[in-house]
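A.B. asks: Below you will find the structure I want to go over with you.
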Amino acid sequence: LVEERNRLARDIHDGLGASLSGVIIQAEYLVNLTKKDPDLQAEVKELKVGAEEAIDEVRRAVSMWRDDFLLVPQLENMCSTYTSRHKLPIELVVEGTPFECAEEQELTVFRILQECLTNIAKHAAPKKVQVVVRFSPDRISMDIVDDGKGFDVTKTPKNHYGLINMRERARKANGEVSIESEPGKGTTGKLSVAPLPRVRAPR
């Protein structure tokens, strides 16, 4: 079973990963060709970022298949990536001693931070973002705080399911999530998860 999973992981990495790398290289070439057309150049840059994010997902999927997904390094990598790609000034603070828990829970922490940072990059225009992850024996918690535009949490736009999806994902992972915000006063996202032990694949 483990050998088969590793084989599939290699195939995904070598096949899909290589194809996406080719898209990124072509997009970089097109960025240089479209300097005289700012609108077209912006579209190409967006395509490049999309391909970069897709290849990140491939690498993450491979790490999950290989059972070597480590939460804190993944969070560090994501914060670094959003800082460089989206110019978000992110400070990541880890408190307590990190430990492994169920893969679904670790992925939930990762995905909720990803959703929050994506929303911040698109809408908040903050001067700073702080992410605090705390490990305690019976709890993993995460606060995502930005000093950006903020919004009225009672007026979620129609067909905007980000918060609903985060709450459902947290509930399925034995946790809960909340968002606090006001216009002009920034936003705070809070996640709390009661950890479950990680189950290793049979070898």
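Chains: A, B, ... in order of the structure tokens. Residues: from 1 per chain. Ligands: from 1, in order shown.
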Go through range 46-177 of chain A and collect every residue that DSSP, computed from the backbone, puts in helix (DSSP H, G or I); the answer should be as a ChimeraX atom specification.
C.D. replies: /A:46-65,71-86,103-124,162-172
A.B. asks: Mind checking which residues fall within 8 Å of Lys190 in chain A, counting only C-alpha atoms, ignoring those fewer than 2 positions away in the same chain, and posting them as a ChimeraX atom specification?
C.D. replies: /A:141-144,177-179,188,192
A.B. asks: How would the residues just chosen look if you wrote them out with N, CA, C and O atoms as a PDB file, in the first residue's frame?
C.D. replies:
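Heads up, here's the output in part.pdb:
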ATOM      1  N   SER A 141      -4.877  26.120  18.475  1.00  0.00           N
ATOM      2  CA  SER A 141      -5.651  27.305  18.129  1.00  0.00           C
ATOM      3  C   SER A 141      -4.840  28.196  17.196  1.00  0.00           C
ATOM      4  O   SER A 141      -3.606  28.140  17.167  1.00  0.00           O
ATOM      5  N   MET A 142      -5.555  29.006  16.432  1.00  0.00           N
ATOM      6  CA  MET A 142      -4.899  29.902  15.488  1.00  0.00           C
ATOM      7  C   MET A 142      -5.680  31.208  15.399  1.00  0.00           C
ATOM      8  O   MET A 142      -6.909  31.188  15.244  1.00  0.00           O
ATOM      9  N   ASP A 143      -4.983  32.319  15.522  1.00  0.00           N
ATOM     10  CA  ASP A 143      -5.567  33.643  15.339  1.00  0.00           C
ATOM     11  C   ASP A 143      -4.922  34.290  14.118  1.00  0.00           C
ATOM     12  O   ASP A 143      -3.695  34.301  13.998  1.00  0.00           O
ATOM     13  N   ILE A 144      -5.745  34.828  13.215  1.00  0.00           N
ATOM     14  CA  ILE A 144      -5.251  35.561  12.052  1.00  0.00           C
ATOM     15  C   ILE A 144      -5.784  36.981  12.166  1.00  0.00           C
ATOM     16  O   ILE A 144      -6.997  37.200  12.070  1.00  0.00           O
ATOM     17  N   VAL A 177     -14.640  27.747  14.163  1.00  0.00           N
ATOM     18  CA  VAL A 177     -13.985  28.938  13.631  1.00  0.00           C
ATOM     19  C   VAL A 177     -14.932  30.122  13.769  1.00  0.00           C
ATOM     20  O   VAL A 177     -16.154  29.968  13.733  1.00  0.00           O
ATOM     21  N   SER A 178     -14.361  31.300  13.969  1.00  0.00           N
ATOM     22  CA  SER A 178     -15.168  32.521  14.060  1.00  0.00           C
ATOM     23  C   SER A 178     -14.419  33.672  13.411  1.00  0.00           C
ATOM     24  O   SER A 178     -13.186  33.657  13.313  1.00  0.00           O
ATOM     25  N   ILE A 179     -15.173  34.674  12.968  1.00  0.00           N
ATOM     26  CA  ILE A 179     -14.602  35.865  12.349  1.00  0.00           C
ATOM     27  C   ILE A 179     -15.163  37.093  13.053  1.00  0.00           C
ATOM     28  O   ILE A 179     -16.378  37.222  13.227  1.00  0.00           O
ATOM     29  N   THR A 188     -10.281  39.758  12.589  1.00  0.00           N
ATOM     30  CA  THR A 188      -9.635  38.690  13.340  1.00  0.00           C
ATOM     31  C   THR A 188     -10.367  37.379  13.069  1.00  0.00           C
ATOM     32  O   THR A 188     -11.579  37.279  13.276  1.00  0.00           O
ATOM     33  N   SER A 192     -10.121  26.963  16.540  1.00  0.00           N
ATOM     34  CA  SER A 192      -9.751  26.113  17.669  1.00  0.00           C
ATOM     35  C   SER A 192     -10.089  24.671  17.308  1.00  0.00           C
ATOM     36  O   SER A 192     -11.197  24.384  16.840  1.00  0.00           O
TER      37      SER A 192
END
A.B. asks: Given only C-alpha atoms, how would the per-residue table for range 91-193 of chain A near range 42-61 of chain A read, listing every residue at most 12 Å away with its closest atom pair and distance in Å to one decimal, sorted by chain and number, as CSV?
C.D. replies:
residue,atom,partner,partner_atom,distance
A:Glu103,CA,A:Ala61,CA,11.8
A:Leu107,CA,A:Arg60,CA,9.8
A:Phe110,CA,A:Arg60,CA,10.6
A:Arg111,CA,A:Glu57,CA,11.1
A:Gln114,CA,A:Glu53,CA,11.0
A:Thr118,CA,A:Glu53,CA,11.4
A.B. asks: May I have the residues from that selection written out with N, CA and C atoms, as a short mmCIF file (atom, residue, chain, number, x, y, z; two decimals), in the first residue's frame?
C.D. replies:
data_model
loop_
_atom_site.label_atom_id
_atom_site.label_comp_id
_atom_site.auth_asym_id
_atom_site.auth_seq_id
_atom_site.Cartn_x
_atom_site.Cartn_y
_atom_site.Cartn_z
N GLU A 103 -4.40 13.90 10.11
CA GLU A 103 -4.09 14.61 8.87
C GLU A 103 -5.19 15.59 8.49
N LEU A 107 -4.69 19.55 7.90
CA LEU A 107 -5.06 20.15 6.62
C LEU A 107 -6.11 21.24 6.82
N PHE A 110 -4.40 24.38 7.91
CA PHE A 110 -3.74 24.94 6.74
C PHE A 110 -4.74 25.62 5.81
N ARG A 111 -5.84 24.95 5.50
CA ARG A 111 -6.82 25.49 4.54
C ARG A 111 -7.50 26.74 5.07
N GLN A 114 -5.17 29.53 4.67
CA GLN A 114 -5.11 29.84 3.25
C GLN A 114 -6.31 30.67 2.81
N THR A 118 -6.07 34.55 1.55
CA THR A 118 -6.58 34.87 0.21
C THR A 118 -7.56 36.04 0.28
#
A.B. asks: A:Ala194, A:Ala102, A:Met166, A:Cys79: which is nearest Val129 in chain A, counting only C-alpha atoms?
C.D. replies: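 Checking each candidate against Val129 in chain A, we get A:Cys79 as the closest.
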A.B. asks: Using only C-alpha atoms, find the one residue out of A:Glu176, A:Asp68, A:Asp39, A:Asp146 that sits nearest to Ile90 in chain A.
C.D. replies: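 For Ile90 in chain A, the nearest of the given residues is A:Asp146.
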A.B. asks: Just the strand (DSSP E) stuff from range 46-200 of chain A, please, per backbone DSSP, written as a PyMOL selection string.
C.D. replies: chain A and resi 90-95+129-136+139-146+175-181+187-193
A.B. asks: CA of Thr34 in chain A and CA of Asn119 in chain A are how many Å apart?
C.D. replies: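 Separation between CA of Thr34 in chain A and CA of Asn119 in chain A: 28.0 Å.
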A.B. asks: With only C-alpha atoms as the basis for distance, which of A:Gly162, A:Gly148, A:Gly186, A:Pro197 is at the shortest distance from Glu115 in chain A?
C.D. replies: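 For Glu115 in chain A, the nearest of the given residues is A:Gly162.
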A.B. asks: Using only C-alpha atoms, which residue out of A:Pro137, A:Gly184, A:Pro126, A:Pro98 lies closest to Leu71 in chain A?
C.D. replies: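 Among A:Pro137, A:Gly184, A:Pro126, A:Pro98, it is A:Pro98 that comes nearest to Leu71 in chain A.
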A.B. asks: Restricting the calculation to only C-alpha atoms: of A:Cys101, A:His123, A:Asn165, A:Leu113, which residue gets closest to Asn77 in chain A?
C.D. replies: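 Smallest distance to Asn77 in chain A is found for A:Leu113.
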A.B. asks: By how many Å are CA of Leu117 in chain A and CA of Ala170 in chain A apart?
C.D. replies: 16.6 Å
A.B. asks: So that I can see what lies close to Pro183 in chain A, please list as a ChimeraX atom specification the residues with an atom at most 7 Å from it, counting only C-alpha atoms and leaving out residues fewer than 2 positions away in the same chain.
C.D. replies: /A:149-152,181,185
A.B. asks: Go ahead and write the selection's residues with C-alpha atoms as a PDB file, in the first residue's frame.
C.D. replies:
ATOM      1  CA  LYS A 149     -10.343  47.626   5.794  1.00  0.00           C
ATOM      2  CA  GLY A 150     -12.540  45.254   7.780  1.00  0.00           C
ATOM      3  CA  PHE A 151     -16.171  44.556   6.892  1.00  0.00           C
ATOM      4  CA  ASP A 152     -19.640  44.122   8.352  1.00  0.00           C
ATOM      5  CA  SER A 181     -14.581  42.444  12.046  1.00  0.00           C
ATOM      6  CA  LYS A 185     -11.097  48.223  12.165  1.00  0.00           C
TER       7      LYS A 185
END
A.B. asks: Here is a test: counting only C-alpha atoms, which residue of A:Tyr29, A:Tyr82, A:Phe99, A:Phe69 is nearest to Asp138 in chain A?
C.D. replies: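 Answer, going by the shortest atom-to-atom distance: A:Phe99.
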A.B. asks: If you measure from CA of Glu168 in chain A to CA of Val133 in chain A, what distance in Å do you get, rounded to one decimal?
C.D. replies: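 Spanning CA of Glu168 in chain A to CA of Val133 in chain A is a straight-line distance of 20.2 Å.
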